[in-house]
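Data block below; observations after.
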Amino acid sequence: MIWRFVVRRVLIAILQLVGISLVVFFLIRLLPADPVARLVGFNATQVAYDQAEAALGLNKSVIQQLGDYLGIMSTAKYDGIAQGYLGDSWVTGSPISEEIGRFLPVTLELITYSLLIAFLIAVPVGITSAMRPDGVGAKITFFWGLFAGSQPEFWWGLMFVFFFFTWWWEQFGFFLAPAPLGRINPMLIEPAVITGFILVDSILSLNFEAFVDAAWHLMLPVFTLVFIVSGPIIKMIRQNMVRVLRSDFILYARSCGLPSRSVSLYALRAAMAPAMTLIGIFYGFLLGGAVPIEVIFALGGLGEYSIRSILSFDYPAIQGTVLIIAMVSLLVYLTIDILHAFLDPRITF
Amino acid sequence: MTTDSTSSGTPEDINPHLELDITKKRRQIDIVKKFREEKLFAFGIIVVFLSIFLAFFGPSIAPIDPTLATGDVSFPPPPLADWPGLLWQVMTTDMENPPHWFGTDSSGLDIFSRTIAAPRTDMSIALLAALVSLVVGTVLGLLAGYYKNIWTEILMRTSDLMQAFPVFITAMILVALSGRNTANIIFALGLVYTPIFIRLTRAEVLSQKTRGYVEAARAVGNREWVVAFRHVLPNSVVPSLIQTSTTIGFAILLTAGLSFVGAGVRPPTPEWGLMIAQGSNNIVHGEWWESVFPGIAISLTVFGYATVGHGLEEDYR
């Protein structure tokens with residue numbers, strides 16, 4: 001049964017991806033930007049301009065450009081999406097998929113750890129505050145849920161850098177956090193890229209020095225994101241717990257004389273599903289939304305790649321980035337929905 | 001939440017059974033009472049008014065021209081202990097060089113003046129973007145909910161598609177490729193936030209459409225679009241109005257975020273995100289004041305709008 005659901009969802013997702021690539025394609029061509037001038041400079045001669053335009057394929061009609069991009073009725077020498085090729089960057093000349101393959105894992109690693117930690121914190125906090133709805137803890141979590149969800153994450157990241165790096169050094173003479181200059185100390189040997197997740201890679205290559213240093217470098221960016229996203233997740237878990245605790249099956253469990261610990265476990269299972277959905281939404285949001293955090297800590301993630309491509313009008317790179325982000329988020333949503341079905345027996349496909 | 005009466009008589013005159021439907025407890029929000037009783041909500045309301053006030057008058061009440069460099073480069077703010085004395089001096093004597101309450105940045109611009117002049121940029125972008133998405137989203141949502149045809153179907157699928165786009169990156173693309181100026185940022189943010197309002201309004205319209213007053217308005221001979229815009233619309237707009245407050249907050253964050261990564265307004269426009277970005281280069285050297293003060297301003301403003309949005313939503317439910 002579940003397979004039929006998965007197949008249907010994957011088909012819809014493919015349609016959505018086609019739609020997204022079309023929208024991005026036309027959107028960037030509708031906007032009044034001149035990538036040729038950006039590439040050759042405004043003082044270039046007409047000949048140089050024309051040459052560059054022809055090299056980028058921008059002298060062709062929009063429909064023909066679309067064909068080249070999609071790889072259907074293509075007149076270009078290179079492959080298109082239909083052949084599984086995202087094109088080459090206009091700025092660096094290397095294949096987009098290769099570049100994204102290098103930048104994407106950095107972002108994925110950052111937001112995976114952050115959401116995992118935020119979730120692990122949010123579950124006990126959310127439950128405790130839901131079990132005692134009038135307590136001080138409940139008031140604090142309510143405030144936190146509202147406050148953290150509406151904060152400029154890049155500013156907090158900067159404040160943490162100032163506090164844990166600069167100020168701490170001035171006060172105590174040692175660094176609590178490393179300088180916000182990348183994922184690992186440049187003096188160390190970087191682990192070979194296997195998964196792209198630097199922590200996983202350093203364990204796989206048994207480079208524990210690199211592991212410790214990479215974890216140290218990831219500490220502040222992850223802390224910043226946890227600080228921001230934990231608020232809404234706690235709020236969500238608390239709200240659902242309160243709602244579930246009032247429901248009939250909990251009343252029944254209580255009247256059967258079950259201890260409150262096992263009652264709250266039952267409730268937790270039911271309250272988990274919406275929280276998972278929220279985490280999925282955050283995952284998709286942060287893929288493109290963690291950009292300022294990546295910039296502050298100079299992590300070299302997809303966000304920085306997208307800034308670079310957008311500001312240099314690198315159309316193939318922009319198209320590729322948006323497509324990949326949409327693809328990963330749709331994949332995450334699908335996973336969450338399947339998990340949802342396991343958590344909530346009422347859902348049938 | 002009132003039902004309009006039409007020229008040919010109120011719906012009550014026509015069908016007495018409808019009265020049940022209409023006099024059903026109206027979901028009213030008593031803002032004044034809420035302001036007195038809830039501290040957080042009161043804080044939010046104050047922030048909202050202050051931000052709008054500064055958007056209008058911020059640049060004019062700034063003690064030093066926010067875009068004019070002074071000779072004092074990278075001045076730290078005066079220690080807190082000196083503030084009362086300085087304040088007294090400012091009020092009693094006509095100082096030639098007013099104090100830099102929040103210090104100056106590395107170009108010699110006065111941080112305090114820039115922080116209170118920035119709402120002119122930040123708030124007008126956020127308010128107008130929210131207004132654009134509210135108006136466009138509500139009208140499209142009304143059409144999508146009220147009429148069911150191929151065009152509204154296409155509209156909804158397009159809106160679904162737009163929601164699958166990464167917000168921050170889409171906004172960056174729209175602003176960077178159409179030119180980094182205020183109007184383009186408003187347009188970009190408005191476009192990004194419109195689908196939420198389409199969805200909210202449509203859901204509400206779908207539930208309102210089956211209510212008795214709609215049938216009554218039709219029965220007295222109103223044309224379809226009159227029923228839609230004069231009767232269904234006013235009854236379906238409340239969720240969107242509540243969402244507006246939250247959207248304004250998010251729009252402020254996005255505006256600041258865009259300038260922070262270099263895809264927003266250009267320097268030396270006084271704008272909070274830009275100020276934080278400019279200060280971020282110097283913060284590791286210990287010049288904290290350049291980024292701290294505009295950040296506190298964003299933090300409090302967005303939190304204020306969030307509390308108002310939350311308070312209204314709570315009452316409406």
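Please note that chains go A, B, ... in the order of the structure tokens, that every chain numbers its residues from 1, and that ligands are numbered from 1 in the order shown.
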
### Message
Only residues of chain B matter here; which ones have an atom within 7 Å of chain A, counting only C-alpha atoms? Give them as a PyMOL selection string.
### Response
chain B and resi 161+164-166+168-169+173+176-178+253+257+261+280+283-284+286+295+299+302-303+306

Residues of the last selection are to be written out with all heavy atoms, as a short mmCIF file (atom, residue, chain, number, x, y, z; two decimals), in the first residue's frame.
```cif
data_model
loop_
_atom_site.label_atom_id
_atom_site.label_comp_id
_atom_site.auth_asym_id
_atom_site.auth_seq_id
_atom_site.Cartn_x
_atom_site.Cartn_y
_atom_site.Cartn_z
N LEU B 161 3.41 25.78 -6.39
CA LEU B 161 4.76 25.73 -6.94
C LEU B 161 5.62 26.81 -6.30
O LEU B 161 6.78 26.59 -5.96
CB LEU B 161 4.66 25.95 -8.45
CG LEU B 161 5.68 25.24 -9.32
CD1 LEU B 161 5.63 23.76 -9.07
CD2 LEU B 161 5.42 25.55 -10.77
N ALA B 164 6.96 25.98 -3.02
CA ALA B 164 8.04 24.99 -3.00
C ALA B 164 9.39 25.66 -3.22
O ALA B 164 10.42 25.02 -3.10
CB ALA B 164 7.80 23.92 -4.05
N PHE B 165 9.40 26.94 -3.57
CA PHE B 165 10.65 27.65 -3.79
C PHE B 165 11.31 28.02 -2.47
O PHE B 165 10.62 28.37 -1.52
CB PHE B 165 10.39 28.95 -4.56
CG PHE B 165 10.44 28.79 -6.04
CD1 PHE B 165 9.37 28.23 -6.72
CD2 PHE B 165 11.54 29.18 -6.76
CE1 PHE B 165 9.41 28.07 -8.07
CE2 PHE B 165 11.58 29.03 -8.13
CZ PHE B 165 10.52 28.47 -8.79
N PRO B 166 12.62 27.95 -2.39
CA PRO B 166 13.30 28.43 -1.19
C PRO B 166 13.16 29.95 -1.09
O PRO B 166 13.59 30.67 -1.99
CB PRO B 166 14.75 28.01 -1.40
CG PRO B 166 14.90 27.78 -2.86
CD PRO B 166 13.56 27.39 -3.37
N PHE B 168 14.40 32.48 0.80
CA PHE B 168 15.53 33.41 0.84
C PHE B 168 16.20 33.52 -0.52
O PHE B 168 16.49 34.62 -1.01
CB PHE B 168 16.54 32.93 1.89
CG PHE B 168 17.52 33.98 2.31
CD1 PHE B 168 17.26 34.78 3.40
CD2 PHE B 168 18.68 34.18 1.59
CE1 PHE B 168 18.15 35.76 3.78
CE2 PHE B 168 19.58 35.16 1.96
CZ PHE B 168 19.31 35.95 3.05
N ILE B 169 16.41 32.36 -1.16
CA ILE B 169 17.12 32.37 -2.44
C ILE B 169 16.27 33.01 -3.53
O ILE B 169 16.77 33.76 -4.36
CB ILE B 169 17.55 30.93 -2.78
CG1 ILE B 169 18.62 30.53 -1.78
CG2 ILE B 169 18.03 30.81 -4.21
CD1 ILE B 169 19.37 29.29 -2.07
N ILE B 173 17.35 36.14 -5.77
CA ILE B 173 17.35 36.16 -7.24
C ILE B 173 16.57 37.37 -7.73
O ILE B 173 17.05 38.14 -8.57
CB ILE B 173 16.71 34.86 -7.79
CG1 ILE B 173 17.56 33.65 -7.44
CG2 ILE B 173 16.52 34.95 -9.30
CD1 ILE B 173 16.97 32.34 -7.85
N ALA B 176 18.50 40.71 -6.81
CA ALA B 176 19.80 40.91 -7.45
C ALA B 176 19.66 41.08 -8.95
O ALA B 176 20.35 41.89 -9.57
CB ALA B 176 20.72 39.73 -7.13
N LEU B 177 18.74 40.33 -9.56
CA LEU B 177 18.64 40.37 -11.01
C LEU B 177 17.80 41.54 -11.52
O LEU B 177 17.90 41.91 -12.69
CB LEU B 177 18.08 39.05 -11.56
CG LEU B 177 19.14 38.02 -11.97
CD1 LEU B 177 20.03 37.66 -10.81
CD2 LEU B 177 18.49 36.77 -12.51
N SER B 178 16.96 42.11 -10.64
CA SER B 178 16.17 43.23 -11.14
C SER B 178 16.73 44.56 -10.64
O SER B 178 16.19 45.61 -10.96
CB SER B 178 14.70 43.08 -10.75
OG SER B 178 14.58 42.88 -9.37
N LEU B 253 12.93 40.72 8.80
CA LEU B 253 14.06 39.79 8.89
C LEU B 253 14.67 39.52 7.52
O LEU B 253 15.89 39.51 7.34
CB LEU B 253 13.62 38.45 9.48
CG LEU B 253 13.35 38.40 10.98
CD1 LEU B 253 12.98 36.99 11.38
CD2 LEU B 253 14.59 38.83 11.73
N GLY B 257 18.28 40.37 6.23
CA GLY B 257 19.10 39.24 5.80
C GLY B 257 19.66 39.47 4.41
O GLY B 257 20.83 39.19 4.15
N VAL B 261 23.76 39.73 3.35
CA VAL B 261 24.58 38.93 2.44
C VAL B 261 24.95 39.71 1.17
O VAL B 261 25.55 39.16 0.27
CB VAL B 261 23.87 37.62 2.04
CG1 VAL B 261 23.60 36.77 3.25
CG2 VAL B 261 22.61 37.87 1.26
N SER B 280 30.10 43.61 11.06
CA SER B 280 30.56 42.23 11.27
C SER B 280 32.03 42.06 10.95
O SER B 280 32.68 41.17 11.48
CB SER B 280 29.73 41.27 10.41
OG SER B 280 30.07 41.44 9.05
N ILE B 283 33.81 43.19 14.28
CA ILE B 283 33.40 42.69 15.60
C ILE B 283 34.47 41.79 16.21
O ILE B 283 34.66 41.77 17.41
CB ILE B 283 32.02 41.99 15.51
CG1 ILE B 283 31.38 41.94 16.89
CG2 ILE B 283 32.13 40.60 14.92
CD1 ILE B 283 29.91 41.71 16.87
N VAL B 284 35.22 41.06 15.36
CA VAL B 284 36.26 40.19 15.93
C VAL B 284 37.43 41.01 16.47
O VAL B 284 38.25 40.51 17.22
CB VAL B 284 36.78 39.16 14.91
CG1 VAL B 284 35.81 38.01 14.78
CG2 VAL B 284 37.07 39.78 13.58
N GLY B 286 36.83 43.55 18.29
CA GLY B 286 36.32 44.11 19.52
C GLY B 286 35.41 45.32 19.33
O GLY B 286 34.93 45.87 20.30
N GLY B 295 21.13 45.36 15.64
CA GLY B 295 20.61 44.01 15.88
C GLY B 295 19.54 44.01 16.95
O GLY B 295 18.50 43.36 16.80
N SER B 299 15.75 42.76 16.54
CA SER B 299 15.27 41.74 17.45
C SER B 299 13.97 42.18 18.14
O SER B 299 12.98 41.46 18.12
CB SER B 299 16.37 41.48 18.48
OG SER B 299 15.93 40.63 19.46
N VAL B 302 10.91 42.78 15.43
CA VAL B 302 10.28 41.57 14.90
C VAL B 302 9.54 40.83 16.01
O VAL B 302 8.43 40.33 15.81
CB VAL B 302 11.32 40.66 14.22
CG1 VAL B 302 10.66 39.44 13.66
CG2 VAL B 302 12.03 41.41 13.13
N PHE B 303 10.14 40.80 17.20
CA PHE B 303 9.47 40.15 18.32
C PHE B 303 8.15 40.87 18.63
O PHE B 303 7.14 40.23 18.89
CB PHE B 303 10.39 40.16 19.54
CG PHE B 303 9.80 39.49 20.75
CD1 PHE B 303 9.27 38.22 20.67
CD2 PHE B 303 9.78 40.14 21.97
CE1 PHE B 303 8.72 37.60 21.78
CE2 PHE B 303 9.24 39.54 23.09
CZ PHE B 303 8.70 38.26 22.99
N ALA B 306 5.62 39.85 16.18
CA ALA B 306 5.22 38.47 16.41
C ALA B 306 4.23 38.37 17.58
O ALA B 306 3.26 37.63 17.51
CB ALA B 306 6.45 37.61 16.69
#
```

### Task
Tell me, as an MDAnalysis selection string, which residues lie within 7 Å of range 116-121 of chain B, counting only C-alpha atoms; anything in the same chain fewer than 4 positions away does not count.
chainID B and resid 51 54:56 58:59 62 66 112 125 270:272

Just write the chosen residues, C-alpha atoms, as an mmCIF file, in the first residue's frame.
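Writing done, so here's out.cif:
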```cif
data_model
loop_
_atom_site.group_PDB
_atom_site.id
_atom_site.type_symbol
_atom_site.label_atom_id
_atom_site.label_comp_id
_atom_site.auth_asym_id
_atom_site.auth_seq_id
_atom_site.Cartn_x
_atom_site.Cartn_y
_atom_site.Cartn_z
ATOM 1 C CA SER B 51 8.334 51.497 14.409
ATOM 2 C CA LEU B 54 10.209 56.150 13.272
ATOM 3 C CA ALA B 55 9.451 55.162 9.694
ATOM 4 C CA PHE B 56 7.841 58.572 9.255
ATOM 5 C CA GLY B 58 13.135 58.763 12.192
ATOM 6 C CA PRO B 59 15.421 60.535 9.706
ATOM 7 C CA ALA B 62 18.111 61.838 14.132
ATOM 8 C CA PRO B 66 22.605 59.394 9.124
ATOM 9 C CA PHE B 112 22.420 56.062 16.936
ATOM 10 C CA ILE B 125 9.786 47.803 2.727
ATOM 11 C CA PRO B 270 20.618 53.482 6.814
ATOM 12 C CA GLU B 271 19.313 49.921 7.071
ATOM 13 C CA TRP B 272 19.649 47.582 10.037
#
```

### Message
Could you check the closest approach to Ala188 in chain B for each of B:Thr255, B:Asn282, B:Asn97, B:Gln208 and tell me which residue wins, using only C-alpha atoms?
### Response
B:Thr255

So that I can check the surroundings of Pro95 in chain A, please list as a compact mmCIF listing (two decimals) with N, CA, C and O atoms, in the first residue's frame every protein, DNA and RNA residue that reaches within 12 Å of it, counting only C-alpha atoms and ignoring chain neighbours fewer than 3 positions away.
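Written out: out-v2.txt:
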```
# COMPACT_ATOMS: atom_id res chain seq x y z
N TYR A 78 26.36 20.76 -25.48
CA TYR A 78 26.32 20.09 -24.19
C TYR A 78 24.95 19.44 -23.94
O TYR A 78 23.99 19.70 -24.64
N ASP A 79 24.93 18.57 -22.91
CA ASP A 79 23.70 17.88 -22.57
C ASP A 79 22.78 18.79 -21.76
O ASP A 79 23.20 19.84 -21.28
N GLY A 80 21.53 18.36 -21.60
CA GLY A 80 20.57 19.11 -20.79
C GLY A 80 20.08 18.26 -19.64
O GLY A 80 20.62 17.18 -19.36
N GLY A 84 20.38 14.33 -17.70
CA GLY A 84 20.93 14.32 -16.34
C GLY A 84 22.10 15.25 -16.15
O GLY A 84 22.97 15.02 -15.32
N TYR A 85 22.15 16.32 -16.92
CA TYR A 85 23.28 17.24 -16.82
C TYR A 85 22.76 18.65 -16.58
O TYR A 85 21.89 19.13 -17.30
N LEU A 86 23.30 19.30 -15.54
CA LEU A 86 22.77 20.62 -15.17
C LEU A 86 23.47 21.76 -15.89
O LEU A 86 23.12 22.91 -15.71
N GLY A 87 24.46 21.45 -16.71
CA GLY A 87 25.17 22.51 -17.42
C GLY A 87 26.45 22.92 -16.72
O GLY A 87 26.77 22.42 -15.64
N ASP A 88 27.18 23.82 -17.35
CA ASP A 88 28.43 24.31 -16.77
C ASP A 88 28.23 25.72 -16.24
O ASP A 88 27.45 26.49 -16.77
N SER A 89 28.98 26.04 -15.19
CA SER A 89 28.91 27.39 -14.63
C SER A 89 29.50 28.38 -15.64
O SER A 89 30.50 28.08 -16.29
N TRP A 90 28.88 29.54 -15.76
CA TRP A 90 29.39 30.57 -16.66
C TRP A 90 30.64 31.23 -16.09
O TRP A 90 31.42 31.83 -16.81
N VAL A 91 30.76 31.16 -14.77
CA VAL A 91 31.87 31.87 -14.14
C VAL A 91 33.10 30.97 -14.03
O VAL A 91 34.20 31.36 -14.42
N THR A 92 32.92 29.75 -13.53
CA THR A 92 34.08 28.89 -13.32
C THR A 92 34.29 27.91 -14.46
O THR A 92 35.39 27.38 -14.63
N GLU A 98 28.84 19.06 -10.19
CA GLU A 98 30.06 18.82 -9.42
C GLU A 98 30.20 19.87 -8.31
O GLU A 98 30.49 19.55 -7.16
N GLU A 99 29.97 21.13 -8.70
CA GLU A 99 30.11 22.21 -7.72
C GLU A 99 29.09 22.06 -6.60
O GLU A 99 29.43 22.17 -5.42
N ILE A 100 27.84 21.80 -6.98
CA ILE A 100 26.81 21.66 -5.95
C ILE A 100 27.12 20.45 -5.07
O ILE A 100 26.95 20.49 -3.85
N GLY A 101 27.63 19.39 -5.68
CA GLY A 101 28.01 18.21 -4.92
C GLY A 101 29.04 18.53 -3.85
O GLY A 101 29.11 17.87 -2.82
N ARG A 102 29.83 19.55 -4.09
CA ARG A 102 30.84 19.92 -3.12
C ARG A 102 30.26 20.82 -2.03
O ARG A 102 30.63 20.74 -0.87
N PRO A 316 23.02 29.22 -15.29
CA PRO A 316 22.94 27.77 -15.08
C PRO A 316 23.12 27.38 -13.61
O PRO A 316 22.43 26.49 -13.12
N ALA A 317 24.01 28.09 -12.92
CA ALA A 317 24.23 27.78 -11.51
C ALA A 317 23.00 28.11 -10.68
O ALA A 317 22.62 27.36 -9.78
N GLY A 320 20.41 25.47 -11.34
CA GLY A 320 20.80 24.22 -10.68
C GLY A 320 20.57 24.27 -9.19
O GLY A 320 20.00 23.34 -8.60
```

### Computed interatomic separation between CA of Gly301 in chain A and CA of Leu181 in chain A (Å)
12.7 Å

### helix (DSSP H, G or I) per DSSP on the backbone: members of range 80-328 of chain A, as a PyMOL selection string
chain A and resi 81-83+96-131+136-148+153-172+198-204+208-245+248-255+260-289+291-297+302-311+315-328

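The residue that comes closest to Glu109 in chain A, out of A:Arg261, A:Lys60, A:Arg238, A:Arg183 and on the basis of only C-alpha atoms, is A:Arg183.
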
Within 9 Å of Ile127 in chain A, counting only C-alpha atoms, which residues show up once you throw out same-chain ones fewer than 2 positions away? Write them as a compact mmCIF listing (two decimals) with N, CA and C atoms, in the first residue's frame, please.
```
# COMPACT_ATOMS: atom_id res chain seq x y z
N ALA A 122 13.94 19.73 22.33
CA ALA A 122 12.54 20.16 22.35
C ALA A 122 11.62 19.11 22.93
N VAL A 123 11.91 17.82 22.69
CA VAL A 123 10.97 16.80 23.16
C VAL A 123 10.81 16.80 24.68
N PRO A 124 11.91 16.64 25.45
CA PRO A 124 11.70 16.66 26.91
C PRO A 124 11.15 18.00 27.42
N VAL A 125 11.65 19.10 26.87
CA VAL A 125 11.18 20.41 27.34
C VAL A 125 9.69 20.58 27.03
N SER A 129 6.71 20.88 29.93
CA SER A 129 5.89 22.08 30.06
C SER A 129 4.43 21.77 29.77
N ALA A 130 4.16 20.73 28.98
CA ALA A 130 2.77 20.38 28.71
C ALA A 130 2.14 19.65 29.88
N MET A 131 2.95 18.89 30.62
CA MET A 131 2.40 18.15 31.75
C MET A 131 1.99 19.10 32.87
N ARG A 132 2.71 20.22 32.99
CA ARG A 132 2.33 21.21 34.01
C ARG A 132 2.04 22.53 33.33
N ILE A 234 9.72 23.53 20.11
CA ILE A 234 9.21 23.31 21.47
C ILE A 234 7.74 23.70 21.55
N ILE A 237 5.56 21.03 19.90
CA ILE A 237 5.42 19.80 20.68
C ILE A 237 4.54 20.05 21.90
N ARG A 238 4.73 21.22 22.53
CA ARG A 238 3.93 21.53 23.71
C ARG A 238 2.44 21.61 23.37
N MET A 241 1.07 18.20 22.65
CA MET A 241 0.98 17.40 23.87
C MET A 241 -0.25 17.82 24.67
N VAL A 242 -0.44 19.13 24.81
CA VAL A 242 -1.59 19.63 25.58
C VAL A 242 -2.89 19.11 24.96
N SER A 264 2.27 9.47 29.44
CA SER A 264 2.90 10.55 28.66
C SER A 264 3.66 10.00 27.46
N LEU A 268 3.09 11.23 23.81
CA LEU A 268 4.23 11.72 23.03
C LEU A 268 4.17 11.20 21.60
```

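Ranking B:Val73, B:Ala129, B:Ala42, B:Leu142 by their shortest atom-to-atom distance to Glu290 in chain B, with only C-alpha atoms included, puts B:Val73 first.
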
### Summary
Using only C-alpha atoms, the best pick from B:Asp105, B:Asp122, B:Asp110, B:Glu204 as closest to Ala144 in chain B would be B:Glu204

### Query
Which polymer residues have any atom within 7 Å of an atom of Leu200 in chain B, counting only C-alpha atoms, with same-chain residues fewer than 3 positions away left out, as number ranges by chain?
B: 196-197, 203-204, 239-240

### Task
Grab the CA of Val32 in chain B to CA of Ser245 in chain B distance for me, in Å with one decimal place.
17.2 Å
